[in-house]
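> File name structure_31.tsv; file contents TSV, C-alpha atoms and all ligand atoms; full text below.
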chain	number	residue	atom	x	y	z
N	1	MET	CA	8.44	-3.03	-13.98
N	2	PRO	CA	4.64	-3.10	-14.46
N	3	PRO	CA	3.03	-6.45	-15.29
N	4	ALA	CA	2.72	-7.36	-18.95
N	5	ARG	CA	-0.61	-6.18	-20.32
N	6	SER	CA	-1.52	-9.66	-21.56
N	7	THR	CA	-1.68	-10.91	-17.98
N	8	HIS	CA	-3.12	-7.74	-16.49
N	9	ARG	CA	-6.53	-8.26	-14.99
N	10	VAL	CA	-8.77	-5.48	-13.78
N	11	ILE	CA	-10.79	-5.90	-10.55
N	12	THR	CA	-14.30	-4.50	-10.71
N	13	ILE	CA	-16.33	-3.57	-7.65
N	14	ALA	CA	-19.89	-2.19	-7.64
N	15	THR	CA	-21.70	-0.69	-4.68
N	16	ALA	CA	-25.01	-2.38	-3.99
N	17	SER	CA	-27.89	-1.17	-1.88
N	18	GLN	CA	-31.66	-1.52	-2.03
N	19	LYS	CA	-32.04	1.80	-0.26
N	20	GLY	CA	-31.01	5.29	-1.33
N	21	GLY	CA	-28.92	7.70	0.70
N	22	VAL	CA	-26.89	5.04	2.52
N	23	GLY	CA	-23.52	6.51	1.59
N	24	LYS	CA	-22.72	4.67	-1.66
N	25	THR	CA	-21.38	7.71	-3.48
N	26	THR	CA	-19.45	8.97	-0.47
N	27	VAL	CA	-17.85	5.54	-0.09
N	28	CYS	CA	-17.00	5.33	-3.80
N	29	VAL	CA	-15.39	8.77	-4.05
N	30	ASN	CA	-13.33	8.39	-0.87
N	31	LEU	CA	-12.36	4.80	-1.50
N	32	ALA	CA	-11.40	5.42	-5.12
N	33	TYR	CA	-9.19	8.29	-3.99
N	34	SER	CA	-7.51	6.16	-1.31
N	35	LEU	CA	-6.94	3.26	-3.71
N	36	ALA	CA	-5.38	5.67	-6.20
N	37	ARG	CA	-3.19	7.20	-3.49
N	38	ARG	CA	-2.07	3.69	-2.64
N	39	GLY	CA	-0.83	3.28	-6.19
N	40	TRP	CA	-3.66	1.50	-7.94
N	41	ASN	CA	-4.75	2.82	-11.26
N	42	THR	CA	-8.37	3.44	-10.27
N	43	LEU	CA	-11.37	4.32	-12.41
N	44	LEU	CA	-14.49	5.60	-10.66
N	45	VAL	CA	-17.55	5.01	-12.82
N	46	ASP	CA	-20.82	6.76	-12.12
N	47	THR	CA	-23.71	4.55	-13.24
N	48	ASP	CA	-26.35	6.56	-11.38
N	49	PRO	CA	-28.29	8.68	-13.91
N	50	GLN	CA	-28.84	11.20	-11.08
N	51	GLY	CA	-25.18	11.17	-10.15
N	52	ALA	CA	-22.43	13.71	-10.38
N	53	VAL	CA	-19.62	11.71	-8.86
N	54	GLY	CA	-16.60	13.70	-7.80
N	55	LEU	CA	-16.79	16.12	-10.71
N	56	SER	CA	-14.81	18.70	-8.76
N	57	LEU	CA	-11.88	16.35	-9.14
N	58	ALA	CA	-11.70	16.29	-12.88
N	59	LYS	CA	-9.41	18.68	-14.72
N	60	SER	CA	-12.04	19.23	-17.29
N	61	THR	CA	-15.76	18.83	-16.99
N	62	ARG	CA	-16.31	19.90	-20.58
N	63	LEU	CA	-16.69	16.26	-21.54
N	64	LYS	CA	-19.91	15.51	-19.76
N	65	ALA	CA	-20.56	12.41	-21.83
N	66	GLY	CA	-19.90	9.23	-19.90
N	67	PHE	CA	-21.20	5.82	-18.88
N	68	TYR	CA	-24.58	6.03	-20.63
N	69	ASP	CA	-23.09	7.50	-23.80
N	70	PHE	CA	-20.59	4.66	-23.94
N	71	ILE	CA	-23.33	2.11	-23.35
N	72	ALA	CA	-25.30	3.64	-26.23
N	73	GLY	CA	-22.46	2.79	-28.60
N	74	GLY	CA	-19.79	4.28	-30.80
N	75	ALA	CA	-16.69	5.62	-29.14
N	76	GLU	CA	-14.08	3.90	-27.00
N	77	VAL	CA	-14.06	3.92	-23.19
N	78	LYS	CA	-10.92	6.04	-23.06
N	79	ASP	CA	-12.71	8.80	-24.98
N	80	PHE	CA	-15.04	9.32	-22.00
N	81	ILE	CA	-12.55	9.06	-19.17
N	82	LEU	CA	-11.77	12.26	-17.28
N	83	THR	CA	-8.36	12.60	-15.70
N	84	THR	CA	-7.69	14.19	-12.32
N	85	ARG	CA	-4.61	15.81	-10.84
N	86	LEU	CA	-3.75	12.44	-9.37
N	87	PRO	CA	-2.56	10.38	-12.35
N	88	GLU	CA	-3.80	7.11	-10.84
N	89	PHE	CA	-7.32	8.44	-10.38
N	90	SER	CA	-9.73	8.84	-13.27
N	91	ILE	CA	-13.46	9.25	-13.55
N	92	LEU	CA	-16.13	8.14	-15.97
N	93	PRO	CA	-19.11	10.39	-15.30
N	94	ALA	CA	-22.68	9.16	-15.74
N	95	GLY	CA	-23.20	11.09	-18.96
N	96	HIS	CA	-26.59	11.27	-20.61
N	97	TYR	CA	-29.08	8.61	-19.67
N	98	ASP	CA	-31.38	9.54	-22.53
N	99	THR	CA	-28.78	8.61	-25.18
N	100	VAL	CA	-29.55	4.96	-24.41
N	101	SER	CA	-33.16	5.34	-25.54
N	102	ARG	CA	-32.31	7.81	-28.33
N	103	HIS	CA	-29.90	5.33	-29.88
N	104	GLY	CA	-32.55	2.64	-29.76
N	105	LEU	CA	-30.36	0.38	-27.64
N	106	HIS	CA	-32.19	-2.71	-26.44
N	107	LEU	CA	-31.91	-3.42	-22.73
N	108	GLU	CA	-30.74	-6.95	-23.48
N	109	ASP	CA	-27.64	-5.47	-25.18
N	110	VAL	CA	-26.64	-3.49	-22.09
N	111	PRO	CA	-24.83	-6.32	-20.22
N	112	ARG	CA	-22.55	-6.82	-23.22
N	113	ARG	CA	-21.84	-3.08	-23.36
N	114	ILE	CA	-21.00	-3.05	-19.64
N	115	ARG	CA	-18.60	-5.94	-20.20
N	116	ASP	CA	-17.08	-3.98	-23.13
N	117	LEU	CA	-16.62	-1.05	-20.79
N	118	LEU	CA	-14.83	-3.10	-18.15
N	119	ARG	CA	-12.66	-4.75	-20.79
N	120	GLY	CA	-11.90	-1.31	-22.25
N	121	ALA	CA	-10.84	-0.09	-18.81
N	122	GLU	CA	-8.60	-3.12	-18.47
N	123	LEU	CA	-6.96	-2.44	-21.83
N	124	HIS	CA	-6.51	1.18	-20.75
N	125	GLY	CA	-4.35	-0.10	-17.86
N	126	VAL	CA	-6.87	0.30	-15.04
N	127	ASP	CA	-6.23	-1.94	-12.01
N	128	CYS	CA	-9.49	-1.33	-10.20
N	129	VAL	CA	-12.89	-0.07	-11.35
N	130	LEU	CA	-15.29	1.20	-8.70
N	131	LEU	CA	-18.84	1.42	-10.00
N	132	ASP	CA	-21.15	3.73	-8.10
N	133	THR	CA	-24.74	2.61	-8.55
N	134	ALA	CA	-28.24	4.00	-8.13
N	135	ALA	CA	-30.33	2.66	-5.26
N	136	GLY	CA	-32.22	-0.59	-5.86
N	137	LEU	CA	-31.08	-3.71	-7.63
N	138	THR	CA	-33.15	-3.73	-10.79
N	139	GLY	CA	-32.72	-2.58	-14.39
N	140	ILE	CA	-29.30	-1.27	-15.39
N	141	THR	CA	-28.10	-1.32	-11.76
N	142	GLU	CA	-28.79	-5.06	-11.61
N	143	MET	CA	-26.79	-5.47	-14.83
N	144	VAL	CA	-23.90	-3.42	-13.43
N	145	VAL	CA	-23.75	-5.43	-10.21
N	146	LYS	CA	-24.01	-8.71	-12.16
N	147	ALA	CA	-21.10	-7.65	-14.39
N	148	ALA	CA	-18.84	-6.72	-11.46
N	149	ASP	CA	-16.43	-9.13	-9.78
N	150	TYR	CA	-17.51	-7.88	-6.36
N	151	ALA	CA	-20.40	-6.11	-4.66
N	152	LEU	CA	-19.55	-3.72	-1.87
N	153	ILE	CA	-22.48	-3.21	0.50
N	154	PRO	CA	-22.57	0.09	2.40
N	155	GLN	CA	-25.01	-0.30	5.26
N	156	GLN	CA	-26.33	2.41	7.55
N	157	SER	CA	-26.23	1.56	11.20
N	158	GLU	CA	-29.98	1.72	11.78
N	159	PRO	CA	-32.49	-0.71	13.32
N	160	LEU	CA	-33.66	-2.16	9.98
N	161	ALA	CA	-30.11	-3.14	9.05
N	162	VAL	CA	-30.35	-6.52	10.72
N	163	ARG	CA	-33.08	-7.42	8.22
N	164	SER	CA	-31.80	-5.61	5.14
N	165	VAL	CA	-28.29	-7.10	5.02
N	166	PRO	CA	-29.52	-10.73	4.81
N	167	HIS	CA	-32.02	-9.61	2.16
N	168	MET	CA	-29.19	-8.07	0.14
N	169	LEU	CA	-27.10	-11.24	0.47
N	170	GLU	CA	-30.07	-13.29	-0.78
N	171	THR	CA	-30.44	-11.02	-3.78
N	172	LEU	CA	-26.74	-11.41	-4.62
N	173	ALA	CA	-27.07	-15.19	-4.23
N	174	ARG	CA	-29.98	-15.08	-6.69
N	175	PHE	CA	-27.81	-13.12	-9.14
N	176	ARG	CA	-25.19	-15.86	-8.90
N	177	SER	CA	-27.85	-18.55	-9.46
N	178	GLU	CA	-28.75	-16.61	-12.62
N	179	GLY	CA	-25.18	-16.89	-13.87
N	180	ALA	CA	-23.45	-13.81	-12.42
N	181	GLY	CA	-20.01	-14.23	-10.88
N	182	THR	CA	-20.46	-11.40	-8.37
N	183	LYS	CA	-18.85	-12.16	-5.02
N	184	VAL	CA	-19.37	-10.15	-1.84
N	185	ALA	CA	-16.51	-7.77	-1.06
N	186	GLY	CA	-18.06	-7.04	2.32
N	187	VAL	CA	-20.55	-5.04	4.31
N	188	LEU	CA	-19.24	-1.60	5.19
N	189	LEU	CA	-21.00	0.10	8.08
N	190	SER	CA	-21.59	3.72	7.15
N	191	MET	CA	-22.83	6.78	9.00
N	192	VAL	CA	-22.31	5.19	12.38
N	193	MET	CA	-23.31	7.73	15.02
N	194	ASN	CA	-20.74	7.32	17.74
N	195	ASP	CA	-22.85	9.40	20.14
N	196	SER	CA	-26.02	7.34	19.56
N	197	PRO	CA	-26.50	4.20	21.68
N	198	VAL	CA	-29.00	2.86	19.08
N	199	SER	CA	-26.56	3.25	16.20
N	200	LEU	CA	-23.73	1.62	18.17
N	201	GLN	CA	-26.02	-1.20	19.33
N	202	VAL	CA	-27.06	-1.96	15.71
N	203	ALA	CA	-23.41	-1.99	14.63
N	204	ARG	CA	-22.65	-4.49	17.42
N	205	GLU	CA	-25.68	-6.66	16.55
N	206	LEU	CA	-24.74	-6.76	12.88
N	207	ARG	CA	-21.27	-7.95	13.74
N	208	GLN	CA	-22.82	-10.63	15.94
N	209	VAL	CA	-25.35	-11.96	13.43
N	210	LEU	CA	-23.19	-11.84	10.30
N	211	PRO	CA	-20.14	-14.01	9.67
N	212	PRO	CA	-17.22	-11.92	10.98
N	213	GLU	CA	-15.34	-12.08	7.69
N	214	LEU	CA	-18.29	-10.45	5.93
N	215	VAL	CA	-18.10	-7.11	7.74
N	216	PHE	CA	-15.28	-4.63	7.26
N	217	THR	CA	-13.34	-4.12	10.48
N	218	GLN	CA	-13.30	-0.39	9.90
N	219	SER	CA	-16.61	1.47	9.85
N	220	ILE	CA	-17.42	5.03	8.77
N	221	PRO	CA	-18.67	7.49	11.37
N	222	ARG	CA	-21.31	10.08	10.59
N	223	LEU	CA	-19.34	13.33	10.43
N	224	GLN	CA	-19.95	16.82	9.14
N	225	SER	CA	-16.75	16.67	7.06
N	226	PHE	CA	-18.10	13.80	4.90
N	227	LEU	CA	-21.28	15.77	4.28
N	228	GLU	CA	-19.30	18.89	3.30
N	229	ALA	CA	-16.87	16.98	1.11
N	230	SER	CA	-19.59	15.17	-0.80
N	231	ALA	CA	-21.48	18.45	-1.32
N	232	GLN	CA	-18.32	19.69	-3.05
N	233	GLY	CA	-17.80	16.46	-4.99
N	234	LEU	CA	-14.51	15.77	-3.24
N	235	PRO	CA	-12.98	13.05	-1.10
N	236	VAL	CA	-12.71	14.22	2.49
N	237	ALA	CA	-8.91	14.21	2.22
N	238	LEU	CA	-9.11	17.14	-0.21
N	239	LEU	CA	-11.67	19.21	1.69
N	240	LYS	CA	-9.09	21.38	3.43
N	241	LYS	CA	-5.43	22.14	2.94
N	242	ASN	CA	-4.57	19.57	5.58
N	243	PRO	CA	-6.61	16.36	5.48
N	244	PRO	CA	-8.83	15.89	8.58
N	245	PRO	CA	-7.99	12.86	10.78
N	246	GLU	CA	-10.96	10.89	9.41
N	247	ALA	CA	-9.38	10.85	5.93
N	248	VAL	CA	-7.15	8.04	7.12
N	249	LEU	CA	-10.21	5.81	7.68
N	250	PHE	CA	-10.61	5.32	3.96
N	251	ASP	CA	-6.94	4.40	3.63
N	252	GLN	CA	-7.62	1.65	6.17
N	253	ILE	CA	-10.78	0.57	4.34
N	254	ALA	CA	-8.84	0.55	1.07
N	255	ALA	CA	-6.17	-1.67	2.63
N	256	GLU	CA	-8.88	-4.04	3.86
N	257	LEU	CA	-10.55	-4.04	0.46
N	258	GLU	CA	-7.27	-4.88	-1.27
N	259	GLU	CA	-7.01	-8.03	0.84
N	260	ARG	CA	-10.65	-8.91	0.32
N	261	VAL	CA	-10.56	-8.67	-3.48
N	262	GLY	CA	-6.98	-9.81	-4.03
N	263	LEU	CA	-5.34	-6.60	-5.19
N	264	ILE	CA	-1.82	-7.66	-4.39
N	265	ARG	CA	1.34	-5.63	-4.30
N	266	ASP	CA	4.34	-7.36	-5.73
N	267	LYS	CA	7.67	-5.84	-4.82
N	268	GLU	CA	9.44	-6.88	-7.99
N	269	GLN	CA	6.72	-6.36	-10.54
N	270	GLY	CA	4.85	-3.38	-9.17
N	271	TYR	CA	1.13	-3.83	-8.65
N	272	ARG	CA	-0.69	-6.84	-9.84
N	273	HIS	CA	-3.77	-8.87	-9.29
N	274	ALA	CA	-3.87	-12.18	-7.46
N	275	SER	CA	-4.97	-13.99	-10.61
N	276	LEU	CA	-1.42	-13.60	-11.91
N	277	LEU	CA	-0.43	-16.07	-9.25
N	278	ASP	CA	-3.05	-18.62	-10.28
X	301	LIG	N1	-20.20	9.30	6.90
X	301	LIG	C1	-21.04	10.32	6.63
X	301	LIG	N2	-21.20	11.33	7.53
X	301	LIG	C2	-22.05	12.35	7.29
X	301	LIG	N3	-22.78	12.46	6.16
X	301	LIG	C3	-22.66	11.50	5.23
X	301	LIG	C4	-21.79	10.37	5.42
X	301	LIG	N4	-21.88	9.58	4.32
X	301	LIG	C5	-22.78	10.17	3.50
X	301	LIG	N5	-23.24	11.31	4.05
X	301	LIG	C6	-24.23	12.23	3.47
X	301	LIG	O1	-25.47	11.54	3.36
X	301	LIG	C7	-26.08	11.83	2.11
X	301	LIG	C8	-26.23	10.54	1.32
X	301	LIG	O2	-24.94	10.03	1.04
X	301	LIG	P1	-24.56	9.49	-0.40
X	301	LIG	O3	-24.96	10.46	-1.46
X	301	LIG	O4	-23.14	9.06	-0.34
X	301	LIG	O5	-25.52	8.24	-0.43
X	301	LIG	P2	-25.97	7.36	-1.70
X	301	LIG	O6	-26.22	6.00	-1.17
X	301	LIG	O7	-25.00	7.52	-2.79
X	301	LIG	O8	-27.35	8.09	-2.09
X	301	LIG	P3	-28.19	7.83	-3.43
X	301	LIG	O9	-28.90	6.53	-3.23
X	301	LIG	O10	-29.10	9.01	-3.48
X	301	LIG	O11	-27.21	7.79	-4.57
X	301	LIG	C9	-25.20	12.85	1.42
X	301	LIG	O12	-25.68	14.14	1.71
X	301	LIG	C10	-23.84	12.66	2.08
X	301	LIG	O13	-23.10	13.83	2.10
X	302	MG	MG	-25.25	8.05	-4.78
What is this structure when it is put down as structure tokens?
Ligand SMILES: Nc1ncnc2c1ncn2[C@@H]1O[C@H](COP(=O)(O)OP(=O)(O)OP(=O)(O)O)[C@@H](O)[C@H]1O
Ligand SMILES: [Mg+2]


Amino acid sequence: MPPARSTHRVITIATASQKGGVGKTTVCVNLAYSLARRGWNTLLVDTDPQGAVGLSLAKSTRLKAGFYDFIAGGAEVKDFILTTRLPEFSILPAGHYDTVSRHGLHLEDVPRRIRDLLRGAELHGVDCVLLDTAAGLTGITEMVVKAADYALIPQQSEPLAVRSVPHMLETLARFRSEGAGTKVAGVLLSMVMNDSPVSLQVARELRQVLPPELVFTQSIPRLQSFLEASAQGLPVALLKKNPPPEAVLFDQIAAELEERVGLIRDKEQGYRHASLLD
């Protein structure tokens, strides 16, 4: 039996990165798919005005309105949610960024609208919201990360990483000092080049300098299949008729994430969040 709605609590996770092109969207699409396959009712929200997250997955792309249209006011969250063939997986596309300015919405009202969105997703029965963000941690992206329970930090395995991860952690600490409740879900090493000694050395160094619990055990290799899948707006598991072996990596990352953020499976009551045990 599913948990009673009154005690249901959604978990919200935003990607966070100062730099562009680090794999945020790839991580979001693949992770959201794995979480959904593992039974969580998962909503993938595209907050990147440039984004077109996983649109190949949605049954209908006729509704192109999304995150920014909701933020601008009016309709309910569920009116913007696109379903996919997997009932547990739904998508809120970015929609039209310009509606925010056209509707005369003040930037200071946006955090409240983001909270309304997350609450709306919760009421809609969503267990986990993954928010894909634009690069940088200012403006609406800062508001999205501040509204999320957790920040997930995809990090390329490149020489600058040893400096940029501490910088990111400082920024998140500043957000908390400004009143945000955003905790760190973890640093996820992405695009690791297993044939590059430099890339492997950076990955090793990062694991040495950061507290071990901060870094996901599983990392993501740089592979052609991820590139191809993201070009098609798909998780890698759906790229071919039979999922390639690397598809299982995101199932492992999803399992790790569940532990990190307290998405807990309860045999008697179905899926529920750790806060039900509080
Ligand atoms: N593990 C991977 N192996 C190979 N290519 C990858 C991998 N992850 C991401 N890519 C490719 O790298 C590019 C950037 O990835 P992605 O779009 O996920 O990054 P992003 O952080 O969302 O970028 P942006 O800041 O522009 O939103 C894309 O072309 C994507 O297909
Ligand atoms: Mg992106």

> Give me, as a tab-separated table, the closest atom pair and its distance (Å, one decimal) for every residue of chain N within a cut-off of 7 Å of ligand MG 302 (chain X), counting all atoms listed in the file, rows sorted by chain and rising number.


residue	atom	partner	partner_atom	distance
N:Gly21	CA	X:MG302	MG	6.6
N:Gly23	CA	X:MG302	MG	6.8
N:Lys24	CA	X:MG302	MG	5.2
N:Thr25	CA	X:MG302	MG	4.1
N:Asp48	CA	X:MG302	MG	6.9
N:Gly51	CA	X:MG302	MG	6.2
N:Asp132	CA	X:MG302	MG	6.8
N:Thr133	CA	X:MG302	MG	6.6
N:Ala134	CA	X:MG302	MG	6.0

> Just give me the gap between atom CA of N:Ile153 and atom CA of N:Lys78 in Å, one decimal is fine.

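So the answer is 27.8 Å.
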
> At most 6 Å is the cut-off: for each residue in chain N with any atom that close to an atom of ligand LIG 301 (chain X), write down the nearest atom pair and the distance in Å rounded to one decimal, counting only C-alpha atoms and all ligand atoms, chain first then increasing number, as a Markdown table.


| residue | atom | partner | partner_atom | distance |
| --- | --- | --- | --- | --- |
| N:Gly20 | CA | X:LIG301 | O9 | 3.1 |
| N:Gly21 | CA | X:LIG301 | O8 | 3.2 |
| N:Val22 | CA | X:LIG301 | O6 | 3.9 |
| N:Gly23 | CA | X:LIG301 | O4 | 3.2 |
| N:Lys24 | CA | X:LIG301 | O6 | 3.8 |
| N:Thr25 | CA | X:LIG301 | O7 | 3.7 |
| N:Thr26 | CA | X:LIG301 | O4 | 3.7 |
| N:Ala134 | CA | X:LIG301 | O11 | 5.3 |
| N:Ala135 | CA | X:LIG301 | O9 | 4.6 |
| N:Ser190 | CA | X:LIG301 | N1 | 5.8 |
| N:Met191 | CA | X:LIG301 | N1 | 4.2 |
| N:Ile220 | CA | X:LIG301 | N1 | 5.4 |
| N:Pro221 | CA | X:LIG301 | N1 | 5.1 |
| N:Arg222 | CA | X:LIG301 | N2 | 3.3 |
| N:Leu223 | CA | X:LIG301 | N2 | 4.0 |
| N:Gln224 | CA | X:LIG301 | C2 | 5.3 |
| N:Phe226 | CA | X:LIG301 | N2 | 4.8 |
| N:Leu227 | CA | X:LIG301 | O13 | 3.4 |
| N:Ser230 | CA | X:LIG301 | O13 | 4.7 |
| N:Ala231 | CA | X:LIG301 | O13 | 6.0 |

> Could you please give me, as a list in words, the residues of protein, DNA or RNA lying at most 10 Å from (-12.8, -3.4, 0.2) in the coordinate frame of the file, considering all atoms listed in the file?

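I get Ile13, Leu31, Leu35, Tyr150, Ala151, Leu152, Ile153, Val184, Ala185, Gly186, Val187, Leu188, Val215, Phe216, Phe250, Gln252, Ile253, Ala254, Ala255, Glu256, Leu257, Glu258, Glu259, Arg260, Val261, Gly262 and Leu263 of chain N for the residues within 10 Å of that point.
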
> With a distance cut-off of 10 Å and all atoms listed in the file, select the neighbouring residues of stretch 119-122 of chain N, excluding the residue or stretch itself and same-chain residues fewer than 2 positions from it, and output the selection as a compact mmCIF listing (two decimals) with C-alpha atoms, keeping the file's coordinate frame.


# COMPACT_ATOMS: atom_id res chain seq x y z
CA ARG N 5 -0.61 -6.18 -20.32
CA HIS N 8 -3.12 -7.74 -16.49
CA ARG N 9 -6.53 -8.26 -14.99
CA VAL N 10 -8.77 -5.48 -13.78
CA ILE N 11 -10.79 -5.90 -10.55
CA THR N 12 -14.30 -4.50 -10.71
CA THR N 42 -8.37 3.44 -10.27
CA LEU N 43 -11.37 4.32 -12.41
CA GLU N 76 -14.08 3.90 -27.00
CA VAL N 77 -14.06 3.92 -23.19
CA LYS N 78 -10.92 6.04 -23.06
CA ILE N 81 -12.55 9.06 -19.17
CA ARG N 113 -21.84 -3.08 -23.36
CA ILE N 114 -21.00 -3.05 -19.64
CA ARG N 115 -18.60 -5.94 -20.20
CA ASP N 116 -17.08 -3.98 -23.13
CA LEU N 117 -16.62 -1.05 -20.79
CA HIS N 124 -6.51 1.18 -20.75
CA GLY N 125 -4.35 -0.10 -17.86
CA VAL N 126 -6.87 0.30 -15.04
CA ASP N 127 -6.23 -1.94 -12.01
CA CYS N 128 -9.49 -1.33 -10.20
CA VAL N 129 -12.89 -0.07 -11.35

> List the spatial neighbours of N:Arg176 as a PyMOL selection string - criterion: any atom at most 12 Å away, only C-alpha atoms, same-chain residues fewer than 4 positions off excluded.

chain N and resi 142+145-151+169-172+180-184

> Given the choices N:Leu107, N:His167, N:Asp46, N:Gly136, which gets closest to N:Pro93 if the distance is worked out from all atoms listed in the file?

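Closest to N:Pro93, using all atoms listed in the file: N:Asp46.
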
> In Å, rounded to a single decimal, give me how far atom CA of N:Val144 is from atom CA of N:Gly179.

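If I compute the distance from atom CA of N:Gly179 to atom CA of N:Val144, I get 13.5 Å.
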
> Could you list, as a ChimeraX atom specification, every residue within 10 Å of N:Ala203, counting only C-alpha atoms and ignoring same-chain residues fewer than 2 positions away?

/N:155-159,161-162,189-190,192-193,197-201,205-208,219

> I need the residues from that last selection saved to file as an mmCIF file, keeping the file's coordinate frame (with C-alpha atoms), if you can.


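Now in selection11.cif:
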data_model
loop_
_atom_site.group_PDB
_atom_site.id
_atom_site.type_symbol
_atom_site.label_atom_id
_atom_site.label_comp_id
_atom_site.auth_asym_id
_atom_site.auth_seq_id
_atom_site.Cartn_x
_atom_site.Cartn_y
_atom_site.Cartn_z
ATOM 1 C CA GLN N 155 -25.010 -0.300 5.260
ATOM 2 C CA GLN N 156 -26.330 2.410 7.550
ATOM 3 C CA SER N 157 -26.230 1.560 11.200
ATOM 4 C CA GLU N 158 -29.980 1.720 11.780
ATOM 5 C CA PRO N 159 -32.490 -0.710 13.320
ATOM 6 C CA ALA N 161 -30.110 -3.140 9.050
ATOM 7 C CA VAL N 162 -30.350 -6.520 10.720
ATOM 8 C CA LEU N 189 -21.000 0.100 8.080
ATOM 9 C CA SER N 190 -21.590 3.720 7.150
ATOM 10 C CA VAL N 192 -22.310 5.190 12.380
ATOM 11 C CA MET N 193 -23.310 7.730 15.020
ATOM 12 C CA PRO N 197 -26.500 4.200 21.680
ATOM 13 C CA VAL N 198 -29.000 2.860 19.080
ATOM 14 C CA SER N 199 -26.560 3.250 16.200
ATOM 15 C CA LEU N 200 -23.730 1.620 18.170
ATOM 16 C CA GLN N 201 -26.020 -1.200 19.330
ATOM 17 C CA GLU N 205 -25.680 -6.660 16.550
ATOM 18 C CA LEU N 206 -24.740 -6.760 12.880
ATOM 19 C CA ARG N 207 -21.270 -7.950 13.740
ATOM 20 C CA GLN N 208 -22.820 -10.630 15.940
ATOM 21 C CA SER N 219 -16.610 1.470 9.850
#

> Between N:Ile140, N:Val202, N:Val100, N:Leu57, which is the closest to N:Phe70 once you count only C-alpha atoms?

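Distance minimum relative to N:Phe70 lands on N:Val100.
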
> Of the candidates N:Thr47, N:Ser101, N:Glu88, N:His96, which shows the shortest atom-to-atom distance to N:Ala65, using all atoms listed in the file?

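For N:Ala65, the nearest of the candidates is N:His96.
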
> Find the distance between atom CA of N:Leu130 and atom CA of N:Asn242 and write it in Å to one decimal.

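These atoms are spaced 25.6 Å apart.
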
> Within 12 Å of N:Lys64, counting all atoms listed in the file, which residues qualify if same-chain residues fewer than 2 places away don't, as a list in words?

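These residues fall inside the cut-off: Asp46, Gly51, Ala52, Val53, Leu55, Ala58, Ser60, Thr61, Arg62, Gly66, Phe67, Tyr68, Asp69, Phe70, Asp79, Phe80, Ile81, Leu82, Ile91, Leu92, Pro93, Ala94, Gly95, His96 and Tyr97 of chain N.
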
> Which residues are close to stretch 235-240 of chain N, i.e. within 7 Å by all atoms listed in the file, leaving aside same-chain residues fewer than 4 positions away? Reply as a PyMOL selection string.

chain N and resi 29-30+33+225-226+229-230+244+247

> Kindly add N, CA and C atoms to the incomplete stretch 66-77 of chain N and provide the output as a PDB file, in the frame of the given file.


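Output saved as result-v7.pdb:
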ATOM      1  N   GLY N  66     -20.491  10.215 -20.803  1.00  0.00           N
ATOM      2  CA  GLY N  66     -19.900   9.230 -19.900  1.00  0.00           C
ATOM      3  C   GLY N  66     -20.494   7.852 -20.064  1.00  0.00           C
ATOM      4  N   PHE N  67     -20.762   7.210 -18.920  1.00  0.00           N
ATOM      5  CA  PHE N  67     -21.200   5.820 -18.880  1.00  0.00           C
ATOM      6  C   PHE N  67     -22.336   5.533 -19.872  1.00  0.00           C
ATOM      7  N   TYR N  68     -23.404   6.333 -19.790  1.00  0.00           N
ATOM      8  CA  TYR N  68     -24.580   6.030 -20.630  1.00  0.00           C
ATOM      9  C   TYR N  68     -24.308   6.288 -22.104  1.00  0.00           C
ATOM     10  N   ASP N  69     -23.438   7.255 -22.398  1.00  0.00           N
ATOM     11  CA  ASP N  69     -23.090   7.500 -23.800  1.00  0.00           C
ATOM     12  C   ASP N  69     -22.256   6.351 -24.352  1.00  0.00           C
ATOM     13  N   PHE N  70     -21.363   5.811 -23.501  1.00  0.00           N
ATOM     14  CA  PHE N  70     -20.590   4.660 -23.940  1.00  0.00           C
ATOM     15  C   PHE N  70     -21.503   3.465 -24.191  1.00  0.00           C
ATOM     16  N   ILE N  71     -22.408   3.238 -23.230  1.00  0.00           N
ATOM     17  CA  ILE N  71     -23.330   2.110 -23.350  1.00  0.00           C
ATOM     18  C   ILE N  71     -24.138   2.205 -24.649  1.00  0.00           C
ATOM     19  N   ALA N  72     -24.478   3.444 -25.025  1.00  0.00           N
ATOM     20  CA  ALA N  72     -25.300   3.640 -26.230  1.00  0.00           C
ATOM     21  C   ALA N  72     -24.531   3.318 -27.513  1.00  0.00           C
ATOM     22  N   GLY N  73     -23.207   3.239 -27.424  1.00  0.00           N
ATOM     23  CA  GLY N  73     -22.460   2.790 -28.600  1.00  0.00           C
ATOM     24  C   GLY N  73     -21.479   3.801 -29.130  1.00  0.00           C
ATOM     25  N   GLY N  74     -20.689   3.344 -30.122  1.00  0.00           N
ATOM     26  CA  GLY N  74     -19.790   4.280 -30.800  1.00  0.00           C
ATOM     27  C   GLY N  74     -18.383   4.294 -30.255  1.00  0.00           C
ATOM     28  N   ALA N  75     -18.083   5.336 -29.493  1.00  0.00           N
ATOM     29  CA  ALA N  75     -16.690   5.620 -29.140  1.00  0.00           C
ATOM     30  C   ALA N  75     -16.070   4.602 -28.181  1.00  0.00           C
ATOM     31  N   GLU N  76     -14.789   4.791 -27.929  1.00  0.00           N
ATOM     32  CA  GLU N  76     -14.080   3.900 -27.000  1.00  0.00           C
ATOM     33  C   GLU N  76     -14.163   4.435 -25.574  1.00  0.00           C
ATOM     34  N   VAL N  77     -13.973   3.530 -24.603  1.00  0.00           N
ATOM     35  CA  VAL N  77     -14.060   3.920 -23.190  1.00  0.00           C
ATOM     36  C   VAL N  77     -13.135   5.104 -22.904  1.00  0.00           C
TER      37      VAL N  77
END
